[in-house]
Structures are given as C-alpha cells and as structure tokens.
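Trainee: Before I ask anything, let me first share the structure, which is written out below as structure tokens.
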Amino acid sequence: FLQNELHDYLHELSSTLMPYGLHTLGIVKEDEKMIEFVKAMLGKEFKDNVSRVRAIEEPEDERVLYQMLEDLLLNETDVYEVQRKWLNAEDDNVTQDLLKALKYYSDLKECVREINRILDALNGKYIPPKIGGDPVRKPEALPTGNNFYSFDPRTIPTKEAWNLAKKLVDDLIRRYYEEHGSFPDKIAYVLWSTETMRNYGVMQAAVLYTMGVTVDWDSAGRVKDVKLMNLSDLKIKLSDGTEIARPRIDVVVVSSGLHRDTFSALMQLLDKAVKLCIMADEDESQNYVRKHYLEIKEALIEKGYSETEASLLAGIRIFSESPGNYGTGLSDAISASNTWQSDAKLAELFINRVGYAYGLSLWGLEAHEVFGMNLKATDIAVHSRSTNLYAALDNDDVFQYLGGIALAVRYLTGQNPETYIFDIKEASNPKVRTLGEFIATEILSRYFNPKWIEGMMENDYAGAREMAKVIENLWGWEVVLPELISDRTWQNFYEIYVKDKYGLGLREFFEKSNPYALQSIVARMLEAIRKDHWDAPEEVKIELAKELQRLQKEYGFTCCHHTCGNLDLLNYAAGILSSIEQRESKEGEGGLPREDGGKKAPIVKSGESGKVIQTQKTAGEETNQSVGFGFEQTAVPSHTGAEEVSGYRMEISEQQQSKIEVSTTPLVALLIVILAVLVFYAGMRMRK
C-alpha cells in the first residue's frame with residue numbers, strides 16, 4: 001500500500017495544478033510565477049521528453065525543469081545551451097518544447113493589453129477575434145484581450161470528444177458492474193455551456209454512447225445525424241480482461257439554462273436519440289430506455305393521463321429551468337440556513353426549478369412529476385470538469401446541479417446515487433473519479449495548501465472573499481451530500497483559517513483586508529454546528545462563539561445569507577458564552593476575560609439550564625417561495641452614515657413570538673443591536 005497506492009496518490013497531489021491567486025485585469029504575474037505557468041502549459045510531454053534524454057529522480061526532475069525554463073526565459077540562454085547545461089545533450093523534441101516555451105512566455109507578457117483592448121471596444125474600435133479557453137489546455141488562447149470565440153457548434157460533439165466519451169463511459173459502467181454485479185438502470189448527466197465549449201461535447205457524446213447511439217459526421221466534421229448502434233457493438237472490458245455485452249442504458253439530462261439557450265439544436269439532437277431507443281424493436285432487458293419509457297407511460301395512464309399525453313411525457317429525458325430562467329435556486333436557499341429545517345424542502349425546490357421538459361416536440365413544458373419519475377430510477381449522476389482553474393468548491397454551481405440531483409434522488413428514494421466527475425483537465429489522460437476523490441484532491445492541493453492561501457492573500461479583499469466562498473460552498477456540499485464532508489474536514493478548515501495553523505498571519509490579513517469575510521467564515525462554521533452537520537469539540541464551539549462576538553462588536557454585522565437576521569445563530573452563540581460564564585461564576589472565577597486583557601466581554605445569559613431554546617418558525621418559512629433571501633450584502637459599520645447606502649429596502653416580515661428562556665436584560669441589549677442593524681437597512685430594496 002505505502003509503495004503503490006499511497007505513493008501514487010501523493011505524487012498526484014504534488015503534480016495537481018493549482019491556481020495561484022486571482023487574475024487582475026491587465027497585470028501579468030511575476031517572473032517566477034510565469035515560469036510555473038509556462039511549465040504547466042508545456043504539460044507532461046515536456047517532462048517525458050526531458051526524462052528520455054536524462055533520467056532524473058523525483059522530485060529533482062521538477063527542479064531541473066524549472067531551472068531549464070529559468071535559464072531560457074529569464075536569463076535568455078540559447079535553447080541549445082540550456083540543453084547542454086542541464087541534459088549534457090541536445091534533443092529535437094526538447095528543442096521544440098523550449099521553442100514553445102519562448103512563444104508562451106511572450107504571449108503571456110502581451111496580456112498587459114487587456115485594459116487597452118477593453119477601452120478600444122468601448123470606443124467602437126475593431127477587436128481581433130481569437131479562440132478562447134483555458135490556456136493550460138489551449139495555449140493558442142493567448143495572448144488575451146481578444147474578441148474570443150469558441151467553435152462551430154455544428155461540429156459538437158467532435159470525433160475526438162466522442163472517442164474520449166467512449167473511454168470514460170466504458171470505465172464508468174465497468175466500475176459500477178464490478179461493484180454491483182449488474183448494470184446501472186439510468187445515468188444522470190449534467191450539461192453546461194462552458195464545459196461544452198471547453199471539451200467540445202464530451203458530455204453530449206457520453207449521453208449518446210450510454211444509450212448506444214452514435215453520431216454521423218459529414219466530410220467537414222459537422223454532425224449530420226444520430227443513429228442506433230448495434231447491440232452487438234455495446235461491450236465493456238472488465239478489469240480481468242473479460243469482455244461482456246451491455247444494454248442500452250437509460251439517461252436523464254439536466255441542462256443549465258445557459259446550455260439550453262446556447263446549444264438548443266444539440267438538445268434536440270439528444271432528444272431524437274432518446275426517441276430512436278424508445279422505438280427500437282428490442283427486448284427490454286437489452287434496452288433500458290424503452291423499458292423505463294413503458295414503465296413511466298403506464299404509471300402516467302394510471303394517474304389519469306390520456307394515451308397520447310402519457311406517450312409524450314414518458315419519452316422526456318431532457319430537463320432544465322423554465323425558459324428565460326437560470327439556476328436551480330439551491331445556492332441562495334442552502335446559504336440561508338435559518339430559513340429551512342429539512343432538506344426535503346430543498347429537494348422540492350430543485351425538482352420544481354429544474355423540472356421543465358425540452359425536446360423536438362416541446363420546449364419548456366412544466367413536467368415536475370415526470371422529472372421525479374426519471375430521477376427515481378437514477379443510479380449514477382455525472383458532471384465534468386475540463387478546466388484547471390475551477391473545481392468543485394470554488395463555485396456554487398457544481399453542488400447546485402450535481403449535488404442537486406443527488407439531493408433529489410435521496411428525497412425520492414431514500415438512497416444517494418453514486419456521484420462521479422469526468423476529470424478531463426488533461427485531454428490526453430481522462431479519468432473517472434468519484435466525487436469524493438475529486439473533492440479530496442481539490443481540498444488537499446488547494447485549500448489546505450499554504451501556497452494557495454498565500455496567493456489569495458496577495459489579492460487583499462478579493463482573496464479573503466474567495467476563502468469565504470470556499471467555506472460557503474463546503475456547506476453547500478455538506479447539505480446536499482452530508483456523507484461527503486467529514487467532521488475532520490471541518491476541523492481542518494477551522495484550524496487553518498480561524499486558528500491560522502500555518503502561521504501565515506491570517507487574522508491580521510482578514511482584519512486589514514476584509515474582516516467581514518472572516519466573520520462569514522466563523523458564522524458559517526458555527527451554523528454548521530448548530531444545525532448538527534458538524535459534531536465539533538466543545539472548545540471549538542466556544543472559540544467560534546467568542547470570535548463571532550468579537551468580530552461583530554469591532555466591525556459590525558456582515559449581512560450575508562447565514563448572518564443577517566439569523567436570530568437562531570445569535571441565540572446559539574449567546575447560549576454557548578452564557579453557559580461558560582455560569583460555570584465560571586460557580587467556580588468563583590468571575591466572567592470571561594477579553595483577549596486584550598480588559599473587562600469581560602458582554603454576553604447574553606441563558607436560563608437556569610444554560611441552554612437556548614430555538615425560536616419557532618412560522619409555516620411560511622418552510623415553503624419553497626420563502627427558502628433563502630436571494631442576496632448577499634456586506635453591512636456598513638455602525639458609525640457609517642445612512643446617506644451612504646440609499647436605494648435599497650429590506651422587508652421585515654412578522655413572525656410568531658417564541659418563548660426563549662433567557663435572562664431578559666442582556667438579551668434585550670442584543671436584540672437592540674439587531675434591531676438597529678435592521679432599522680439601518682429599512683427602506684432598502686435588495687436587487688437579486
């Protein structure tokens with residue numbers, strides 16, 4: 001294990017690409033970081049070519065590659081002299097790599113033109129077109145500052161994407177079969193516009209190949225049509241080399257609103273492929289698409305639908321938001337964690353938001369019930385990641401879509417589907433990863449990596465905001481797939497970002513650059529504990545409650561989803577601090593000392609038991625319409641004049657009074673502070 005699996009995993013972590021800081025328009029990185037960027041763009045091929053000339057042990061090989069590029073790019077050493085110095089030989093392949101490095105370096109330095117190009121565009125001047133994309137995967141996208149385009153959509157999926165998809169789907173089905181001894185009934189695929197532009201239709205090809213449908217291209221590489229593959233051609237090879245036949249496996253497609261609008265013709269092509277499978281004269285044991293079509297049709301007829309209606313609805317496999325709408329709504333709802341008590345309401349929100357059907361004969365038909373029927377039979381859910389910049393925790397969209405599917409399936413069946421990522425950051429080395437594997441690698445290579453943190457610290461308030469976003473998205477995954485995020489993971493985030501485990505000066509950084517980001521992090525961690533998603537040690541609860549109190553006292557309230565108006569959280573924190581004071585009073589130790597050595601910090605005293613009874617919710621807070629606030633706004637410190645923030649209004653809804661068994665005087669003081677914040681924002685309309 002230590003010599004094989006562990007070694008391979010550690011090697012993968014050390015070689016995983018990580019974004020360093022944030023991009024600033026028109027600014028290029030320092031020379032050392034430019035070298036690392038160029039090395040990443042050259043990819044594994046550069047390392048392999050060098051290794052064939054001179055065998056170098058790990059990790060020395062990475063140092064040699066860096067120094068070769070340093071001599072070439074910064075010291076302007078000739079390409080042949082660089083090879084003689086470091087490899088004691090010259091090689092044509094290495095020469096070509098070094099010439100590429102010179103071109104990449106020059107292109108990166110030209111990116112300073114970004115602002116001038118934007119000003120030219122605003123002045124109505126011509127901006128040259130150029131292909132866009134991730135420079136690591138697509139170096140020809142540099143230099144930036146162009147009127148970028150992606151590709152001809154008529155070529156999607158490309159032949160290369162098709163071959164890649166076949167490999168990934170075969171591996172996915174093999175893994176499932178070897179674990180369960182049977183084939184999955186249905187696989188859910190998430191389709192995004194940006195991912196399609198990056199990978200040229202790998203996911204669309206995967207949908208087709210899963211059903212046993214292939215693509216017919218013309219001589220120019222444009223997609224003409226789709227057609228059924230022969231059942232005899234549908235085979236997978238097991239790990240022991242045995243080849244077995246597989247059936248046409250059913251699919252359910254969840255498309256983002258942007259993908260729906262950008263690739264509507266592709267959506268119709270996928271729907272045509274579904275219809276081909278349904279109409280195929282094949283045994284249901286070999287055609288799961290037809291099998292589920294007949295099952296859903298029968299169920300709809302039993303519910304009172306006509307034969308015609310049932311036939312149409314049972315053939316739907318492609319779903320998205322209603323026309324003109326975008327997003328699942330889960331991000332805002334999950335963030336406003338004091339507005340819901342059960343994830344059932346979140347699952348219903350997802351089904352109601354995404355349950356609109358699309359295809360050849362319908363477009364945007366409300367079909368929540370049929371969407372649920374499709375999800376019930378789903379064994380696997382898959383998303384793709386084709387970028388070296390974004391992953392699964394640095395944005396909220398992945399958990400909204402892939403996590404939303406898992407949440408809805410669990411709500412409908414009581415079981416989570418297996419969740420996977422098609423990791424195609426390296427097109428030459430695609431991988432099928434479990435979602436757990438993918439996120440673990442992301443966390444270890446980025447957020448637990450001091451280098452990533454230092455890169456974000458260089459971006460001041462924006463870097464602090466990115467750190468807070470990661471914690472918020474961690475919470476999103478915690479809610480949609482609770483088994484995915486362990487207590488130890490939360491503990492590590494706490495130790496690194498709140499306690500500054502690496503000694504990077506994070507508290508000073510937050511308080512100088514963006515104290516509201518730190519308050520958001522602390523509040524989210526405490527809220528995760530309050531809602532029983534993190535079984536944290538008692539000392540952690542105390543530290544978080546004290547830190548939240550300190551930040552709110554010194555900087556005022558930050559008005560993000562989980563802090564603004566969240567009386568449950570404030571009461572919970574007050575109860576923790578009150579119970580400490582009571583214990584210390586009984587022990588004759590007085591109150592809680594301030595960290596600066598002054599008088600004890602003000603706290604809210606709880607009742608005799610030291611517990612805080614949670615405020616009761618009105619019935620309206622459990623409905624889909626009222627789940628979440630749908631905004632995020634940083635509160636202005638208490639000394640700032642109200643005239644600085646005009647034109648917004650926050651509406652305050654009345655709730656039933658709750659009995660909270662706490663001492664009245666300090667609680668009144670706390671409520672006065674809260675009321676002051678709310679009054680400060682009265683007359684302000686928040687724009688979604």
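A note on labels: chains of the structure tokens are A, B, ... as shown, every chain counts residues from 1, and ligands are counted from 1 in their shown order.
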For Thr489 (chain A), work out the shell of residues within 10 Å, counting only C-alpha atoms and skipping chain neighbours fewer than 3 positions away, then give it as a PyMOL selection string.
Mentor: chain A and resi 440+443+448+474+484-486+492-495+534
Trainee: Can you tell me which residues surround Ile351 (chain A) at a distance of at most 12 Å, considering only C-alpha atoms, apart from same-chain residues fewer than 6 positions away, and format the answer as a PDB file with C-alpha atoms, in the first residue's frame?
Mentor:
```pdb
ATOM      1  CA  VAL A 254     -30.049  18.099 -16.524  1.00  0.00           C
ATOM      2  CA  PHE A 319     -34.800  18.849 -18.283  1.00  0.00           C
ATOM      3  CA  SER A 320     -33.766  22.388 -17.399  1.00  0.00           C
ATOM      4  CA  GLU A 321     -35.122  25.547 -15.800  1.00  0.00           C
ATOM      5  CA  SER A 322     -38.174  27.204 -17.326  1.00  0.00           C
ATOM      6  CA  GLY A 327     -30.001  28.388 -11.868  1.00  0.00           C
ATOM      7  CA  THR A 328     -31.508  25.809  -9.560  1.00  0.00           C
ATOM      8  CA  GLY A 329     -32.143  28.216  -6.688  1.00  0.00           C
ATOM      9  CA  LEU A 330     -30.299  25.925  -4.288  1.00  0.00           C
ATOM     10  CA  ALA A 344     -36.856  17.842   1.804  1.00  0.00           C
ATOM     11  CA  LYS A 345     -37.878  21.417   1.023  1.00  0.00           C
ATOM     12  CA  ALA A 357     -39.007  19.382 -20.335  1.00  0.00           C
ATOM     13  CA  GLU A 366     -43.698  22.073 -16.947  1.00  0.00           C
ATOM     14  CA  ALA A 367     -43.072  18.420 -16.069  1.00  0.00           C
ATOM     15  CA  HIS A 368     -42.107  18.208 -12.398  1.00  0.00           C
ATOM     16  CA  GLU A 369     -43.840  14.878 -11.894  1.00  0.00           C
ATOM     17  CA  VAL A 370     -42.131  13.267 -14.885  1.00  0.00           C
ATOM     18  CA  PHE A 371     -38.783  14.678 -13.783  1.00  0.00           C
ATOM     19  CA  GLY A 372     -39.264  12.984 -10.424  1.00  0.00           C
ATOM     20  CA  MET A 373     -40.152   9.682 -12.114  1.00  0.00           C
ATOM     21  CA  ASN A 374     -36.925   9.830 -14.096  1.00  0.00           C
ATOM     22  CA  LEU A 375     -34.843  10.648 -11.048  1.00  0.00           C
ATOM     23  CA  LYS A 376     -36.259   7.713  -9.078  1.00  0.00           C
ATOM     24  CA  GLN A 400     -26.328  23.109  -7.258  1.00  0.00           C
ATOM     25  CA  TYR A 401     -26.522  20.759 -10.234  1.00  0.00           C
ATOM     26  CA  GLY A 404     -28.991  18.875  -6.525  1.00  0.00           C
ATOM     27  CA  ILE A 405     -29.530  15.648  -8.460  1.00  0.00           C
ATOM     28  CA  ALA A 406     -28.171  13.613  -5.545  1.00  0.00           C
ATOM     29  CA  LEU A 407     -30.361  15.509  -3.076  1.00  0.00           C
ATOM     30  CA  ALA A 408     -33.484  14.977  -5.189  1.00  0.00           C
ATOM     31  CA  VAL A 409     -32.780  11.260  -5.738  1.00  0.00           C
ATOM     32  CA  TYR A 411     -35.516  12.620  -1.279  1.00  0.00           C
ATOM     33  CA  LEU A 412     -37.425  10.405  -3.724  1.00  0.00           C
ATOM     34  CA  ASN A 624     -40.228  26.970  -1.491  1.00  0.00           C
TER      35      ASN A 624
END
```
Trainee: Set the distance at 9 Å and use only C-alpha atoms: which residues neighbour region 505-511 of chain A once local chain neighbours fewer than 4 positions away are removed? I'd like the list as a PyMOL selection string.
Mentor: chain A and resi 457+460-461+464+496-500+515-518
Trainee: I need the chosen residues saved as a CSV table (one decimal), in the first residue's frame, with N, CA and C atoms.
Mentor:
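The resulting file, result-v7.csv, is shown below:
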```
chain,number,residue,atom,x,y,z
A,457,MET,N,-4.0,35.7,-0.4
A,457,MET,CA,-3.6,36.9,0.4
A,457,MET,C,-3.0,38.0,-0.4
A,460,ASP,N,-5.7,40.7,-1.4
A,460,ASP,CA,-6.4,41.5,-0.4
A,460,ASP,C,-7.9,41.1,-0.2
A,461,TYR,N,-8.8,42.1,-0.4
A,461,TYR,CA,-10.2,41.8,0.0
A,461,TYR,C,-10.8,40.7,-0.9
A,464,ALA,N,-9.7,37.3,0.3
A,464,ALA,CA,-10.4,36.9,1.5
A,464,ALA,C,-11.8,36.5,1.1
A,496,ILE,N,-7.0,25.8,10.1
A,496,ILE,CA,-6.2,26.6,9.1
A,496,ILE,C,-6.7,28.0,9.0
A,497,TYR,N,-8.0,28.2,8.8
A,497,TYR,CA,-8.5,29.6,8.5
A,497,TYR,C,-8.9,30.4,9.7
A,498,VAL,N,-9.2,29.8,10.8
A,498,VAL,CA,-9.6,30.6,12.0
A,498,VAL,C,-8.4,30.6,13.0
A,499,LYS,N,-7.8,29.5,13.2
A,499,LYS,CA,-6.7,29.4,14.2
A,499,LYS,C,-5.3,29.6,13.5
A,500,ASP,N,-5.3,29.8,12.2
A,500,ASP,CA,-4.0,30.1,11.5
A,500,ASP,C,-2.9,29.0,11.7
A,515,PRO,N,-12.6,42.0,7.0
A,515,PRO,CA,-13.0,41.4,8.3
A,515,PRO,C,-14.3,40.7,8.1
A,516,TYR,N,-15.2,41.2,7.2
A,516,TYR,CA,-16.5,40.6,7.0
A,516,TYR,C,-16.4,39.2,6.4
A,517,ALA,N,-15.3,38.9,5.7
A,517,ALA,CA,-15.1,37.6,5.1
A,517,ALA,C,-14.8,36.6,6.3
A,518,LEU,N,-14.0,37.0,7.2
A,518,LEU,CA,-13.7,36.2,8.4
A,518,LEU,C,-15.0,36.0,9.2
```
Trainee: Could you list, as a list of chain:residue names, every residue within 12 Å of region 122-131 of chain A, counting only C-alpha atoms and ignoring same-chain residues fewer than 5 positions away?
Mentor: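 Result of the neighbour search: A:Arg113, A:Glu114, A:Ile115, A:Asn116, A:Arg117, A:Lys138, A:Pro139, A:Glu140, A:Ala141, A:Leu142, A:Pro143, A:Thr144, A:Gly145, A:Asn146, A:Asn147, A:Phe148, A:Tyr149, A:Ser150, A:Phe151, A:Asp152, A:Met197, A:Arg198.
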Trainee: Would you please work out which residue, of A:Val112, A:Gln96, A:His383, A:Ser285, is nearest to Gln204 (chain A) when using only C-alpha atoms?
Mentor: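 Counting only C-alpha atoms, the residue closest to Gln204 (chain A) is A:His383.
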Trainee: If we count only C-alpha atoms and set the cut-off at 8 Å, which residues sit around Arg530 (chain A), ignoring sequence neighbours fewer than 3 positions away in its own chain? Please answer as an mmCIF file with N, CA and C atoms, in the first residue's frame.
Mentor:
```
data_model
loop_
_atom_site.group_PDB
_atom_site.id
_atom_site.type_symbol
_atom_site.label_atom_id
_atom_site.label_comp_id
_atom_site.auth_asym_id
_atom_site.auth_seq_id
_atom_site.Cartn_x
_atom_site.Cartn_y
_atom_site.Cartn_z
ATOM 1 N N LEU A 526 -20.027 27.966 12.787
ATOM 2 C CA LEU A 526 -20.878 27.849 13.967
ATOM 3 C C LEU A 526 -22.284 27.412 13.571
ATOM 4 N N GLU A 527 -22.758 27.887 12.424
ATOM 5 C CA GLU A 527 -24.078 27.496 11.944
ATOM 6 C C GLU A 527 -24.096 26.013 11.556
ATOM 7 N N HIS A 533 -24.588 19.485 11.562
ATOM 8 C CA HIS A 533 -23.838 18.972 10.422
ATOM 9 C C HIS A 533 -22.355 18.796 10.754
ATOM 10 N N LEU A 569 -28.888 31.642 15.107
ATOM 11 C CA LEU A 569 -27.430 31.569 15.274
ATOM 12 C C LEU A 569 -26.968 32.465 16.411
ATOM 13 N N TYR A 572 -27.814 30.883 19.628
ATOM 14 C CA TYR A 572 -26.963 29.717 19.858
ATOM 15 C C TYR A 572 -25.595 30.146 20.378
#
```
Trainee: For His259 (chain A), please output as an mmCIF file with C-alpha atoms, in the first residue's frame all residues within 7 Å (counting only C-alpha atoms; exclusion window: fewer than 2 positions along the same chain).
Mentor:
```cif
data_model
loop_
_atom_site.group_PDB
_atom_site.id
_atom_site.type_symbol
_atom_site.label_atom_id
_atom_site.label_comp_id
_atom_site.auth_asym_id
_atom_site.auth_seq_id
_atom_site.Cartn_x
_atom_site.Cartn_y
_atom_site.Cartn_z
ATOM 1 C CA LEU A 191 -24.682 19.600 -19.263
ATOM 2 C CA TRP A 192 -23.120 23.056 -19.058
ATOM 3 C CA SER A 193 -22.422 25.544 -21.812
ATOM 4 C CA SER A 255 -29.078 21.137 -18.573
ATOM 5 C CA SER A 256 -28.151 24.533 -17.228
ATOM 6 C CA GLY A 257 -30.201 27.423 -18.560
ATOM 7 C CA ASP A 261 -30.054 28.608 -24.775
ATOM 8 C CA THR A 262 -26.608 28.197 -26.340
ATOM 9 C CA PHE A 263 -26.955 24.643 -27.630
#
```
Trainee: Running DSSP on the backbone, which parts of region 166-346 of chain A land in strand (DSSP E or B), as a short mmCIF file (atom, residue, chain, number, x, y, z; two decimals) with N, CA and C atoms, in the first residue's frame?
Mentor:
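Output file states18.cif is given in full below:
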```cif
data_model
loop_
_atom_site.label_atom_id
_atom_site.label_comp_id
_atom_site.auth_asym_id
_atom_site.auth_seq_id
_atom_site.Cartn_x
_atom_site.Cartn_y
_atom_site.Cartn_z
N LYS A 186 -30.05 3.75 -14.94
CA LYS A 186 -30.11 5.10 -15.52
C LYS A 186 -28.95 5.93 -14.99
N ILE A 187 -28.38 6.75 -15.87
CA ILE A 187 -27.29 7.65 -15.50
C ILE A 187 -27.74 9.08 -15.78
N ALA A 188 -27.60 9.95 -14.79
CA ALA A 188 -27.94 11.37 -14.95
C ALA A 188 -26.68 12.13 -15.35
N TYR A 189 -26.79 12.95 -16.36
CA TYR A 189 -25.66 13.77 -16.84
C TYR A 189 -25.99 15.24 -16.71
N VAL A 190 -25.02 16.02 -16.23
CA VAL A 190 -25.17 17.47 -16.14
C VAL A 190 -24.50 18.09 -17.37
N LEU A 191 -25.22 18.94 -18.08
CA LEU A 191 -24.68 19.60 -19.26
C LEU A 191 -24.58 21.10 -19.02
N VAL A 213 -26.10 5.04 -28.95
CA VAL A 213 -26.38 5.84 -30.14
C VAL A 213 -25.07 6.47 -30.59
N THR A 214 -24.82 6.48 -31.89
CA THR A 214 -23.60 7.06 -32.42
C THR A 214 -23.92 8.27 -33.29
N VAL A 215 -22.87 8.98 -33.71
CA VAL A 215 -23.01 10.22 -34.46
C VAL A 215 -22.57 9.99 -35.91
N ASP A 216 -23.27 10.64 -36.82
CA ASP A 216 -22.90 10.61 -38.23
C ASP A 216 -22.39 11.99 -38.61
N TRP A 217 -21.09 12.09 -38.93
CA TRP A 217 -20.48 13.36 -39.31
C TRP A 217 -20.34 13.46 -40.83
N VAL A 223 -21.91 17.55 -37.54
CA VAL A 223 -22.85 16.48 -37.18
C VAL A 223 -24.04 16.52 -38.12
N LYS A 224 -24.27 15.41 -38.84
CA LYS A 224 -25.42 15.30 -39.74
C LYS A 224 -26.64 14.71 -39.03
N ASP A 225 -26.37 13.66 -38.23
CA ASP A 225 -27.50 12.95 -37.64
C ASP A 225 -26.97 12.01 -36.57
N VAL A 226 -27.90 11.32 -35.90
CA VAL A 226 -27.55 10.26 -34.95
C VAL A 226 -28.23 8.98 -35.39
N LYS A 227 -27.66 7.85 -35.02
CA LYS A 227 -28.23 6.56 -35.40
C LYS A 227 -27.90 5.52 -34.33
N LEU A 228 -28.73 4.50 -34.25
CA LEU A 228 -28.55 3.45 -33.26
C LEU A 228 -27.32 2.60 -33.58
N LYS A 235 -20.18 -3.29 -25.77
CA LYS A 235 -19.42 -4.19 -24.89
C LYS A 235 -18.51 -3.39 -23.98
N ILE A 236 -18.19 -3.98 -22.83
CA ILE A 236 -17.20 -3.39 -21.94
C ILE A 236 -16.18 -4.46 -21.57
N LYS A 237 -14.99 -4.03 -21.27
CA LYS A 237 -13.94 -4.95 -20.86
C LYS A 237 -13.71 -4.81 -19.37
N GLU A 243 -14.47 -9.63 -21.76
CA GLU A 243 -15.33 -8.70 -22.48
C GLU A 243 -16.77 -9.19 -22.39
N ILE A 244 -17.67 -8.31 -21.97
CA ILE A 244 -19.08 -8.69 -21.82
C ILE A 244 -19.97 -7.68 -22.54
N ALA A 245 -21.14 -8.14 -22.96
CA ALA A 245 -22.11 -7.26 -23.61
C ALA A 245 -22.84 -6.43 -22.56
N ARG A 248 -28.47 -1.02 -23.69
CA ARG A 248 -28.63 0.43 -23.81
C ARG A 248 -29.09 0.94 -22.45
N ASP A 250 -30.36 3.77 -19.82
CA ASP A 250 -31.20 4.97 -19.86
C ASP A 250 -30.44 6.17 -19.29
N VAL A 251 -30.91 7.36 -19.65
CA VAL A 251 -30.27 8.59 -19.19
C VAL A 251 -31.34 9.57 -18.73
N VAL A 252 -30.91 10.54 -17.92
CA VAL A 252 -31.69 11.75 -17.66
C VAL A 252 -30.70 12.90 -17.73
N VAL A 253 -31.05 13.91 -18.51
CA VAL A 253 -30.15 15.03 -18.76
C VAL A 253 -30.64 16.25 -18.00
N VAL A 254 -29.75 16.85 -17.21
CA VAL A 254 -30.05 18.10 -16.52
C VAL A 254 -29.17 19.17 -17.15
N SER A 255 -29.80 20.08 -17.86
CA SER A 255 -29.08 21.14 -18.57
C SER A 255 -29.18 22.45 -17.82
N ASN A 287 -32.61 -2.98 -23.54
CA ASN A 287 -32.89 -1.59 -23.87
C ASN A 287 -33.60 -0.94 -22.68
N ILE A 318 -34.85 15.10 -21.09
CA ILE A 318 -34.03 16.31 -21.02
C ILE A 318 -34.77 17.39 -20.24
N PHE A 319 -34.15 17.89 -19.18
CA PHE A 319 -34.80 18.85 -18.28
C PHE A 319 -33.89 20.04 -18.02
N SER A 320 -34.51 21.17 -17.75
CA SER A 320 -33.77 22.39 -17.40
C SER A 320 -34.72 23.33 -16.68
#
```
Trainee: For CA of Asn459 (chain A) and CA of Thr24 (chain A), quote the distance in Å rounded to one decimal.
Mentor: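 Computing it gives 8.7 Å between the two atoms.
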Trainee: Have a look at CA of Gln549 (chain A) and CA of Thr339 (chain A) and let me know their distance in Å, one decimal.
Mentor: 22.0 Å
Trainee: Determine, counting only C-alpha atoms, which protein, DNA and RNA residues have an atom within 7 Å of an atom of Thr387 (chain A); residues of the same chain fewer than 2 positions away are not included. Present the result as a count of residues only.
Mentor: 5
